[in-house]
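Chemist: File my_file_29.pdb follows (PDB, C-alpha atoms):
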ATOM      1  CA  MET O   1     -20.713   5.944   3.672
ATOM      2  CA  GLU O   2     -20.315   3.827   6.817
ATOM      3  CA  LYS O   3     -19.848   5.881   9.960
ATOM      4  CA  LEU O   4     -17.532   5.394  12.938
ATOM      5  CA  GLN O   5     -17.026   7.158  16.229
ATOM      6  CA  LEU O   6     -13.865   8.130  18.088
ATOM      7  CA  ASP O   7     -14.042   5.136  20.422
ATOM      8  CA  GLU O   8     -13.813   2.790  17.432
ATOM      9  CA  LEU O   9     -10.381   4.072  16.344
ATOM     10  CA  ASP O  10      -7.250   2.029  17.053
ATOM     11  CA  PHE O  11      -4.680   4.174  18.839
ATOM     12  CA  SER O  12      -2.627   1.184  20.002
ATOM     13  CA  LYS O  13      -0.069   0.912  17.226
ATOM     14  CA  HIS O  14       2.031   4.035  17.655
ATOM     15  CA  ASN O  15       2.005   5.224  21.268
ATOM     16  CA  GLY O  16      -1.523   6.588  21.117
ATOM     17  CA  LEU O  17      -1.002   8.310  17.782
ATOM     18  CA  ILE O  18      -2.766   7.831  14.467
ATOM     19  CA  PRO O  19      -1.302   9.085  11.190
ATOM     20  CA  VAL O  20      -3.400  11.716   9.457
ATOM     21  CA  VAL O  21      -3.241  12.759   5.819
ATOM     22  CA  ALA O  22      -4.618  16.229   5.148
ATOM     23  CA  LEU O  23      -6.290  16.539   1.758
ATOM     24  CA  SER O  24      -7.552  19.681   0.100
ATOM     25  CA  SER O  25     -11.298  19.361  -0.302
ATOM     26  CA  GLU O  26     -11.051  21.875  -3.144
ATOM     27  CA  THR O  27      -8.327  20.257  -5.270
ATOM     28  CA  GLY O  28      -8.036  16.759  -3.775
ATOM     29  CA  GLU O  29      -4.305  17.373  -3.380
ATOM     30  CA  VAL O  30      -2.391  15.815  -0.500
ATOM     31  CA  LEU O  31      -1.338  18.753   1.650
ATOM     32  CA  MET O  32       0.626  17.232   4.536
ATOM     33  CA  GLN O  33       0.972  14.240   6.839
ATOM     34  CA  ALA O  34       0.983  14.455  10.611
ATOM     35  CA  TYR O  35      -0.289  12.607  13.690
ATOM     36  CA  ALA O  36      -3.279  12.943  15.982
ATOM     37  CA  ASN O  37      -4.011  11.528  19.390
ATOM     38  CA  LEU O  38      -7.443  11.235  20.955
ATOM     39  CA  GLU O  39      -7.285  14.731  22.426
ATOM     40  CA  ALA O  40      -6.320  16.259  19.078
ATOM     41  CA  LEU O  41      -9.269  14.515  17.450
ATOM     42  CA  LYS O  42     -11.675  15.728  20.102
ATOM     43  CA  LEU O  43     -10.457  19.285  19.597
ATOM     44  CA  THR O  44     -10.693  18.858  15.825
ATOM     45  CA  GLN O  45     -14.289  17.701  16.109
ATOM     46  CA  SER O  46     -15.342  20.305  18.668
ATOM     47  CA  SER O  47     -13.678  23.285  16.969
ATOM     48  CA  GLY O  48     -14.095  22.266  13.335
ATOM     49  CA  TYR O  49     -10.415  22.994  12.707
ATOM     50  CA  ALA O  50      -7.572  20.506  12.286
ATOM     51  CA  HIS O  51      -5.572  19.704  15.405
ATOM     52  CA  TYR O  52      -2.593  17.361  15.551
ATOM     53  CA  TRP O  53      -0.068  16.047  18.041
ATOM     54  CA  SER O  54       3.392  17.449  17.391
ATOM     55  CA  ARG O  55       5.964  14.740  18.064
ATOM     56  CA  SER O  56       8.873  17.193  17.834
ATOM     57  CA  ARG O  57       7.327  19.658  20.269
ATOM     58  CA  GLY O  58       5.526  17.058  22.369
ATOM     59  CA  LYS O  59       2.271  18.976  22.452
ATOM     60  CA  LEU O  60      -1.100  19.522  20.845
ATOM     61  CA  TRP O  61      -0.965  21.699  17.791
ATOM     62  CA  LYS O  62      -3.750  23.595  16.078
ATOM     63  CA  LYS O  63      -2.570  23.829  12.483
ATOM     64  CA  GLY O  64      -2.219  27.493  11.538
ATOM     65  CA  GLU O  65      -2.522  28.786  15.085
ATOM     66  CA  THR O  66       0.625  30.880  14.579
ATOM     67  CA  SER O  67       0.700  31.293  10.795
ATOM     68  CA  GLY O  68      -3.025  31.819  10.330
ATOM     69  CA  ASN O  69      -3.037  29.016   7.751
ATOM     70  CA  LEU O  70      -5.896  27.141   9.363
ATOM     71  CA  GLN O  71      -7.519  23.964   8.084
ATOM     72  CA  LYS O  72     -11.302  23.968   8.266
ATOM     73  CA  ILE O  73     -12.541  20.406   8.507
ATOM     74  CA  GLU O  74     -15.017  19.264   5.870
ATOM     75  CA  LYS O  75     -14.928  15.550   6.586
ATOM     76  CA  ILE O  76     -12.784  12.972   8.387
ATOM     77  CA  LEU O  77     -12.279   9.597   6.726
ATOM     78  CA  VAL O  78     -11.200   6.380   8.460
ATOM     79  CA  ASP O  79      -9.394   3.453   6.872
ATOM     80  CA  CYS O  80     -10.289  -0.224   6.956
ATOM     81  CA  ASP O  81      -8.150  -0.930  10.029
ATOM     82  CA  ALA O  82      -9.341   2.214  11.833
ATOM     83  CA  ASP O  83      -5.693   3.150  12.372
ATOM     84  CA  ALA O  84      -5.266   5.931   9.795
ATOM     85  CA  LEU O  85      -7.261   9.045   8.970
ATOM     86  CA  VAL O  86      -7.812  11.554   6.200
ATOM     87  CA  TYR O  87      -8.753  15.118   7.096
ATOM     88  CA  GLN O  88     -10.550  16.687   4.147
ATOM     89  CA  VAL O  89      -9.959  20.384   4.724
ATOM     90  CA  LEU O  90     -10.427  23.835   3.359
ATOM     91  CA  GLN O  91      -6.843  25.082   3.604
ATOM     92  CA  LYS O  92      -6.360  28.789   4.274
ATOM     93  CA  GLY O  93      -3.132  30.047   2.689
ATOM     94  CA  PRO O  94      -0.161  27.779   1.977
ATOM     95  CA  VAL O  95      -0.044  24.617   4.071
ATOM     96  CA  CYS O  96       3.731  24.357   4.250
ATOM     97  CA  HIS O  97       6.124  26.450   6.319
ATOM     98  CA  THR O  98       8.202  26.757   3.120
ATOM     99  CA  GLY O  99       5.305  28.591   1.451
ATOM    100  CA  GLU O 100       4.571  25.655  -0.878
ATOM    101  CA  GLY O 101       0.968  24.674  -1.525
ATOM    102  CA  SER O 102       1.734  21.098  -0.477
ATOM    103  CA  CYS O 103       4.402  19.765   1.859
ATOM    104  CA  PHE O 104       5.049  17.059  -0.771
ATOM    105  CA  TYR O 105       6.883  19.262  -3.272
ATOM    106  CA  ARG O 106       9.982  17.075  -3.697
ATOM    107  CA  GLU O 107      10.623  13.826  -5.523
ATOM    108  CA  LEU O 108      12.576  10.796  -4.357
ATOM    109  CA  VAL O 109      14.939   9.546  -7.031
ATOM    110  CA  LYS O 110      17.277   6.592  -7.224
ATOM    111  CA  ASP O 111      20.485   8.411  -7.877
ATOM    112  CA  LEU O 112      21.188  12.067  -8.510
ATOM    113  CA  THR O 113      24.534  11.511 -10.156
TER     114      THR O 113
ATOM    115  CA  MET Z   1      10.613  19.496  -8.802
ATOM    116  CA  GLU Z   2      13.455  19.291  -6.277
ATOM    117  CA  LYS Z   3      14.978  15.816  -6.013
ATOM    118  CA  LEU Z   4      16.136  13.839  -2.988
ATOM    119  CA  GLN Z   5      17.818  10.492  -2.489
ATOM    120  CA  LEU Z   6      17.163   7.739   0.025
ATOM    121  CA  ASP Z   7      20.009   8.820   2.304
ATOM    122  CA  GLU Z   8      18.336  12.195   2.778
ATOM    123  CA  LEU Z   9      15.187  10.722   4.352
ATOM    124  CA  ASP Z  10      14.620  10.915   8.102
ATOM    125  CA  PHE Z  11      13.900   7.457   9.492
ATOM    126  CA  SER Z  12      14.598   8.497  13.085
ATOM    127  CA  LYS Z  13      11.120   9.414  14.295
ATOM    128  CA  HIS Z  14       9.281   6.080  14.334
ATOM    129  CA  ASN Z  15      11.719   3.206  14.844
ATOM    130  CA  GLY Z  16      13.118   3.343  11.335
ATOM    131  CA  LEU Z  17       9.721   3.679   9.698
ATOM    132  CA  ILE Z  18       8.302   6.440   7.515
ATOM    133  CA  PRO Z  19       4.575   6.803   6.868
ATOM    134  CA  VAL Z  20       3.573   6.384   3.234
ATOM    135  CA  VAL Z  21       0.370   7.531   1.587
ATOM    136  CA  ALA Z  22      -0.481   5.649  -1.599
ATOM    137  CA  LEU Z  23      -2.244   7.810  -4.172
ATOM    138  CA  SER Z  24      -3.810   6.681  -7.411
ATOM    139  CA  SER Z  25      -1.933   8.340 -10.247
ATOM    140  CA  GLU Z  26      -5.065   7.890 -12.370
ATOM    141  CA  THR Z  27      -7.702   9.436 -10.099
ATOM    142  CA  GLY Z  28      -5.594  11.227  -7.472
ATOM    143  CA  GLU Z  29      -7.565   9.361  -4.812
ATOM    144  CA  VAL Z  30      -5.930   8.364  -1.521
ATOM    145  CA  LEU Z  31      -5.806   4.577  -1.626
ATOM    146  CA  MET Z  32      -4.192   3.546   1.673
ATOM    147  CA  GLN Z  33      -1.673   4.484   4.338
ATOM    148  CA  ALA Z  34       1.161   2.246   5.478
ATOM    149  CA  TYR Z  35       4.817   2.400   6.528
ATOM    150  CA  ALA Z  36       8.132   1.821   4.816
ATOM    151  CA  ASN Z  37      11.603   1.283   6.161
ATOM    152  CA  LEU Z  38      14.816   1.735   4.203
ATOM    153  CA  GLU Z  39      14.746  -1.830   2.882
ATOM    154  CA  ALA Z  40      11.153  -1.489   1.675
ATOM    155  CA  LEU Z  41      12.092   1.695  -0.177
ATOM    156  CA  LYS Z  42      15.099   0.058  -1.794
ATOM    157  CA  LEU Z  43      12.893  -2.805  -2.991
ATOM    158  CA  THR Z  44      10.264  -0.328  -4.182
ATOM    159  CA  GLN Z  45      12.845   1.548  -6.213
ATOM    160  CA  SER Z  46      14.581  -1.528  -7.608
ATOM    161  CA  SER Z  47      11.387  -3.428  -8.523
ATOM    162  CA  GLY Z  48       9.158  -0.506  -9.504
ATOM    163  CA  TYR Z  49       6.389  -1.890  -7.264
ATOM    164  CA  ALA Z  50       5.271  -0.636  -3.856
ATOM    165  CA  HIS Z  51       6.818  -2.371  -0.849
ATOM    166  CA  TYR Z  52       6.014  -1.587   2.766
ATOM    167  CA  TRP Z  53       6.938  -2.734   6.258
ATOM    168  CA  SER Z  54       4.087  -4.563   7.919
ATOM    169  CA  ARG Z  55       4.034  -3.656  11.591
ATOM    170  CA  SER Z  56       1.465  -6.332  12.416
ATOM    171  CA  ARG Z  57       3.406  -9.108  10.692
ATOM    172  CA  GLY Z  58       6.856  -7.665  11.427
ATOM    173  CA  LYS Z  59       8.121  -8.161   7.905
ATOM    174  CA  LEU Z  60       8.577  -6.637   4.474
ATOM    175  CA  TRP Z  61       5.470  -6.665   2.373
ATOM    176  CA  LYS Z  62       5.091  -6.316  -1.371
ATOM    177  CA  LYS Z  63       1.598  -4.906  -1.782
ATOM    178  CA  GLY Z  64      -0.473  -7.330  -3.836
ATOM    179  CA  GLU Z  65       2.009 -10.184  -3.591
ATOM    180  CA  THR Z  66      -0.793 -12.507  -2.494
ATOM    181  CA  SER Z  67      -3.884 -10.786  -3.921
ATOM    182  CA  GLY Z  68      -2.327  -9.740  -7.209
ATOM    183  CA  ASN Z  69      -3.417  -6.175  -6.544
ATOM    184  CA  LEU Z  70       0.010  -4.691  -7.180
ATOM    185  CA  GLN Z  71       0.929  -1.025  -7.103
ATOM    186  CA  LYS Z  72       3.171   0.075  -9.953
ATOM    187  CA  ILE Z  73       5.174   3.079  -8.869
ATOM    188  CA  GLU Z  74       4.896   6.202 -11.003
ATOM    189  CA  LYS Z  75       6.582   8.659  -8.658
ATOM    190  CA  ILE Z  76       7.590   8.968  -5.009
ATOM    191  CA  LEU Z  77       7.099  12.341  -3.317
ATOM    192  CA  VAL Z  78       8.857  13.525  -0.157
ATOM    193  CA  ASP Z  79       7.553  16.089   2.306
ATOM    194  CA  CYS Z  80       9.286  19.186   3.671
ATOM    195  CA  ASP Z  81      10.674  17.353   6.713
ATOM    196  CA  ALA Z  82      11.730  14.307   4.674
ATOM    197  CA  ASP Z  83       9.816  12.130   7.141
ATOM    198  CA  ALA Z  84       6.713  11.267   5.103
ATOM    199  CA  LEU Z  85       6.206   9.945   1.577
ATOM    200  CA  VAL Z  86       3.587   9.697  -1.129
ATOM    201  CA  TYR Z  87       3.671   6.754  -3.514
ATOM    202  CA  GLN Z  88       1.912   7.723  -6.733
ATOM    203  CA  VAL Z  89       0.844   4.366  -8.117
ATOM    204  CA  LEU Z  90      -1.050   2.585 -10.824
ATOM    205  CA  GLN Z  91      -3.250   0.359  -8.693
ATOM    206  CA  LYS Z  92      -4.168  -3.021 -10.123
ATOM    207  CA  GLY Z  93      -7.578  -4.159  -8.850
ATOM    208  CA  PRO Z  94      -9.063  -2.941  -5.577
ATOM    209  CA  VAL Z  95      -6.517  -1.688  -3.047
ATOM    210  CA  CYS Z  96      -8.409  -2.790   0.043
ATOM    211  CA  HIS Z  97      -8.801  -6.299   1.398
ATOM    212  CA  THR Z  98     -12.508  -5.438   1.780
ATOM    213  CA  GLY Z  99     -12.762  -5.021  -1.989
ATOM    214  CA  GLU Z 100     -13.221  -1.246  -1.725
ATOM    215  CA  GLY Z 101     -11.410   1.010  -4.157
ATOM    216  CA  SER Z 102      -9.891   2.962  -1.273
ATOM    217  CA  CYS Z 103      -9.163   1.865   2.290
ATOM    218  CA  PHE Z 104     -10.675   5.196   3.403
ATOM    219  CA  TYR Z 105     -14.314   4.287   2.786
ATOM    220  CA  ARG Z 106     -15.677   5.235   6.204
ATOM    221  CA  GLU Z 107     -16.412   8.540   7.883
ATOM    222  CA  LEU Z 108     -15.631   9.618  11.423
ATOM    223  CA  VAL Z 109     -18.600  11.316  13.050
ATOM    224  CA  LYS Z 110     -19.130  12.975  16.407
ATOM    225  CA  ASP Z 111     -21.973  10.902  17.668
ATOM    226  CA  LEU Z 112     -24.030   8.197  16.027
ATOM    227  CA  THR Z 113     -26.986   8.492  18.362
TER     228      THR Z 113
END
What would you get if you wrote out this structure as structure tokens?

Modeler:
Amino acid sequence: MEKLQLDELDFSKHNGLIPVVALSSETGEVLMQAYANLEALKLTQSSGYAHYWSRSRGKLWKKGETSGNLQKIEKILVDCDADALVYQVLQKGPVCHTGEGSCFYRELVKDLT
Amino acid sequence: MEKLQLDELDFSKHNGLIPVVALSSETGEVLMQAYANLEALKLTQSSGYAHYWSRSRGKLWKKGETSGNLQKIEKILVDCDADALVYQVLQKGPVCHTGEGSCFYRELVKDLT
């Protein structure tokens, strides 16, 4: 698998942020989607645990820092444009604040009526 | 699975755009990441094929319109904050313009030297 470094990522498209999809390395399931900036990625690489940038709180965020539901990084994948990432993680406990095993537990439908 | 409609999605956080992860409904693999606006979602729902908003080209984009590598929608999932989506798709041909079966074919590493 081709390898890239941090300085090859494209942070220009969304105010210094890159979208990140967190995938369970055990089940392959999509766990959540969030954003990372360069600092979050450096912390993720140095600590081995997933860090993100919280847009709502305007600060760096170590996933699970409060809840204990940490994400241990197994691998980070980069897409063809180097502007999106996948964190392959070992998820401790439920990923979602609702207690669900994935944040994507709802379905979009055309019309409920 | 709980169901939501288009008018329940939160388009406010990124200039009317919502990040979308395309997943293969056959293999579960993450194929690509892109963005959709409301119009792209309406077209996705009405046509049954994945549409996105291209930030680089500044226009709606039916995936595979030129290449033929269409994405037939099986299901659309919504996350807990209603600000991120998963398209579960039947991918025709390779998803990536490089010919790879996933756009995430590279790995981020700490240091190549």

Chemist: Can you check which parts of chain Z lie within 10 Å of chain O? Per residue, the shortest pair of atoms and distance in Å to one decimal, counting all atoms listed in the file, sorted by chain and number, as a tab-separated table.

Modeler:
residue	atom	partner	partner_atom	distance
Z:Met1	CA	O:Arg106	CA	5.7
Z:Glu2	CA	O:Arg106	CA	4.9
Z:Lys3	CA	O:Glu107	CA	4.8
Z:Leu4	CA	O:Leu108	CA	4.9
Z:Gln5	CA	O:Val109	CA	5.5
Z:Leu6	CA	O:Leu108	CA	7.0
Z:Glu8	CA	O:Leu108	CA	9.3
Z:Leu9	CA	O:Leu108	CA	9.1
Z:Lys13	CA	O:Arg55	CA	8.3
Z:His14	CA	O:His14	CA	8.2
Z:Pro19	CA	O:Pro19	CA	7.6
Z:Val20	CA	O:Gln33	CA	9.0
Z:Val21	CA	O:Val21	CA	7.6
Z:Leu23	CA	O:Val30	CA	8.8
Z:Thr27	CA	O:Gly28	CA	9.7
Z:Gly28	CA	O:Gly28	CA	7.1
Z:Glu29	CA	O:Gly28	CA	7.5
Z:Val30	CA	O:Val30	CA	8.3
Z:Leu31	CA	O:Asp79	CA	9.3
Z:Met32	CA	O:Asp79	CA	7.4
Z:Gln33	CA	O:Ala84	CA	6.7
Z:Ala34	CA	O:Ala84	CA	8.6
Z:Lys42	CA	O:Lys110	CA	8.8
Z:Gln45	CA	O:Lys110	CA	6.8
Z:Ser46	CA	O:Lys110	CA	8.6
Z:Arg55	CA	O:Lys13	CA	8.3
Z:Ser56	CA	O:Lys13	CA	8.8
Z:Lys75	CA	O:Glu107	CA	7.3
Z:Ile76	CA	O:Leu108	CA	5.4
Z:Leu77	CA	O:Glu107	CA	4.4
Z:Val78	CA	O:Arg106	CA	5.1
Z:Asp79	CA	O:Phe104	CA	4.1
Z:Cys80	CA	O:Cys103	CA	5.2
Z:Asp81	CA	O:Cys103	CA	8.3
Z:Ala82	CA	O:Arg106	CA	9.0
Z:Asp83	CA	O:Gln33	CA	9.1
Z:Ala84	CA	O:Gln33	CA	6.7
Z:Leu85	CA	O:Phe104	CA	7.6
Z:Val86	CA	O:Phe104	CA	7.5
Z:Tyr87	CA	O:Leu108	CA	9.8
Z:Cys96	CA	O:Cys80	CA	7.6
Z:His97	CA	O:Cys80	CA	8.4
Z:Thr98	CA	O:Cys80	CA	7.7
Z:Glu100	CA	O:Cys80	CA	9.2
Z:Ser102	CA	O:Asp79	CA	8.2
Z:Cys103	CA	O:Asp79	CA	4.9
Z:Phe104	CA	O:Asp79	CA	4.1
Z:Tyr105	CA	O:Asp79	CA	6.4
Z:Arg106	CA	O:Glu2	CA	4.9
Z:Glu107	CA	O:Leu77	CA	4.4
Z:Leu108	CA	O:Leu4	CA	4.9
Z:Val109	CA	O:Gln5	CA	5.5
Z:Lys110	CA	O:Gln5	CA	6.2
Z:Asp111	CA	O:Gln5	CA	6.4
Z:Leu112	CA	O:Gln5	CA	7.1

Chemist: Report, in Å to a single decimal, how far apart atom CA of Z:Ala40 and atom CA of Z:Glu74 are.

Modeler: 16.1 Å

Chemist: When you draw a straight line from atom CA of Z:Ser67 to atom CA of Z:Phe11, how long is it in Å?

Modeler: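 Result for atom CA of Z:Ser67 versus atom CA of Z:Phe11: 28.8 Å, one decimal.
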
Chemist: If you measure from atom CA of O:Ser54 to atom CA of O:Leu17, what distance in Å do you get, rounded to one decimal?

Modeler: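 For atom CA of O:Ser54 relative to atom CA of O:Leu17, the distance reads 10.1 Å.
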
Chemist: Name the residues that the PyMOL selection byres ((chain O and resi 37) around 7) picks from the file above, as a list in words, using the file's chain letters and numbers.

Modeler: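 Matching residues under the PyMOL selection byres ((chain O and resi 37) around 7) are Gly16, Leu17, Ile18, Tyr35, Ala36, Leu38, Glu39, Ala40, Leu41 and Trp53 of chain O.
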
Chemist: Enumerate, as a ChimeraX atom specification, the residues matched when the PyMOL selection byres ((chain Z and resi 62) around 9) is run on the file above.

Modeler: /Z:40,43-44,49-53,60-61,63-66,70-71

Chemist: I need stretch 6-23 of chain O written out with N, CA and C atoms, as a PDB file, in the first residue's frame; please produce it.

Modeler:
ATOM      1  N   LEU O   6       2.012  13.390   6.589  1.00  0.00           N
ATOM      2  CA  LEU O   6       1.113  14.494   6.940  1.00  0.00           C
ATOM      3  C   LEU O   6       1.230  15.676   5.980  1.00  0.00           C
ATOM      4  N   ASP O   7       2.466  16.001   5.576  1.00  0.00           N
ATOM      5  CA  ASP O   7       2.639  17.207   4.759  1.00  0.00           C
ATOM      6  C   ASP O   7       2.148  17.029   3.320  1.00  0.00           C
ATOM      7  N   GLU O   8       1.677  15.814   3.004  1.00  0.00           N
ATOM      8  CA  GLU O   8       1.116  15.584   1.671  1.00  0.00           C
ATOM      9  C   GLU O   8      -0.412  15.693   1.660  1.00  0.00           C
ATOM     10  N   LEU O   9      -1.025  15.896   2.828  1.00  0.00           N
ATOM     11  CA  LEU O   9      -2.482  16.011   2.887  1.00  0.00           C
ATOM     12  C   LEU O   9      -2.927  17.402   2.460  1.00  0.00           C
ATOM     13  N   ASP O  10      -4.138  17.481   1.919  1.00  0.00           N
ATOM     14  CA  ASP O  10      -4.690  18.749   1.439  1.00  0.00           C
ATOM     15  C   ASP O  10      -5.719  19.276   2.439  1.00  0.00           C
ATOM     16  N   PHE O  11      -5.298  20.249   3.224  1.00  0.00           N
ATOM     17  CA  PHE O  11      -6.172  20.836   4.240  1.00  0.00           C
ATOM     18  C   PHE O  11      -6.871  22.103   3.726  1.00  0.00           C
ATOM     19  N   SER O  12      -6.741  22.378   2.431  1.00  0.00           N
ATOM     20  CA  SER O  12      -7.156  23.696   1.926  1.00  0.00           C
ATOM     21  C   SER O  12      -8.652  23.825   1.674  1.00  0.00           C
ATOM     22  N   LYS O  13      -9.371  22.711   1.610  1.00  0.00           N
ATOM     23  CA  LYS O  13     -10.732  22.778   1.088  1.00  0.00           C
ATOM     24  C   LYS O  13     -11.814  23.117   2.101  1.00  0.00           C
ATOM     25  N   HIS O  14     -11.504  23.003   3.378  1.00  0.00           N
ATOM     26  CA  HIS O  14     -12.551  23.232   4.378  1.00  0.00           C
ATOM     27  C   HIS O  14     -11.932  23.853   5.629  1.00  0.00           C
ATOM     28  N   ASN O  15     -11.353  25.041   5.441  1.00  0.00           N
ATOM     29  CA  ASN O  15     -10.812  25.810   6.567  1.00  0.00           C
ATOM     30  C   ASN O  15      -9.824  25.010   7.416  1.00  0.00           C
ATOM     31  N   GLY O  16      -8.959  24.272   6.746  1.00  0.00           N
ATOM     32  CA  GLY O  16      -7.934  23.533   7.496  1.00  0.00           C
ATOM     33  C   GLY O  16      -8.404  22.206   8.052  1.00  0.00           C
ATOM     34  N   LEU O  17      -9.620  21.816   7.700  1.00  0.00           N
ATOM     35  CA  LEU O  17     -10.167  20.555   8.205  1.00  0.00           C
ATOM     36  C   LEU O  17     -10.261  19.504   7.102  1.00  0.00           C
ATOM     37  N   ILE O  18     -10.089  18.268   7.506  1.00  0.00           N
ATOM     38  CA  ILE O  18     -10.262  17.121   6.613  1.00  0.00           C
ATOM     39  C   ILE O  18     -11.303  16.194   7.233  1.00  0.00           C
ATOM     40  N   PRO O  19     -12.276  15.737   6.434  1.00  0.00           N
ATOM     41  CA  PRO O  19     -13.248  14.797   6.979  1.00  0.00           C
ATOM     42  C   PRO O  19     -12.609  13.439   7.264  1.00  0.00           C
ATOM     43  N   VAL O  20     -13.012  12.858   8.358  1.00  0.00           N
ATOM     44  CA  VAL O  20     -12.483  11.557   8.782  1.00  0.00           C
ATOM     45  C   VAL O  20     -13.647  10.602   9.025  1.00  0.00           C
ATOM     46  N   VAL O  21     -13.555   9.428   8.452  1.00  0.00           N
ATOM     47  CA  VAL O  21     -14.507   8.356   8.721  1.00  0.00           C
ATOM     48  C   VAL O  21     -13.835   7.376   9.659  1.00  0.00           C
ATOM     49  N   ALA O  22     -14.451   7.095  10.795  1.00  0.00           N
ATOM     50  CA  ALA O  22     -13.895   6.088  11.699  1.00  0.00           C
ATOM     51  C   ALA O  22     -14.560   4.750  11.426  1.00  0.00           C
ATOM     52  N   LEU O  23     -13.713   3.765  11.162  1.00  0.00           N
ATOM     53  CA  LEU O  23     -14.160   2.402  10.845  1.00  0.00           C
ATOM     54  C   LEU O  23     -13.697   1.456  11.937  1.00  0.00           C
TER      55      LEU O  23
END
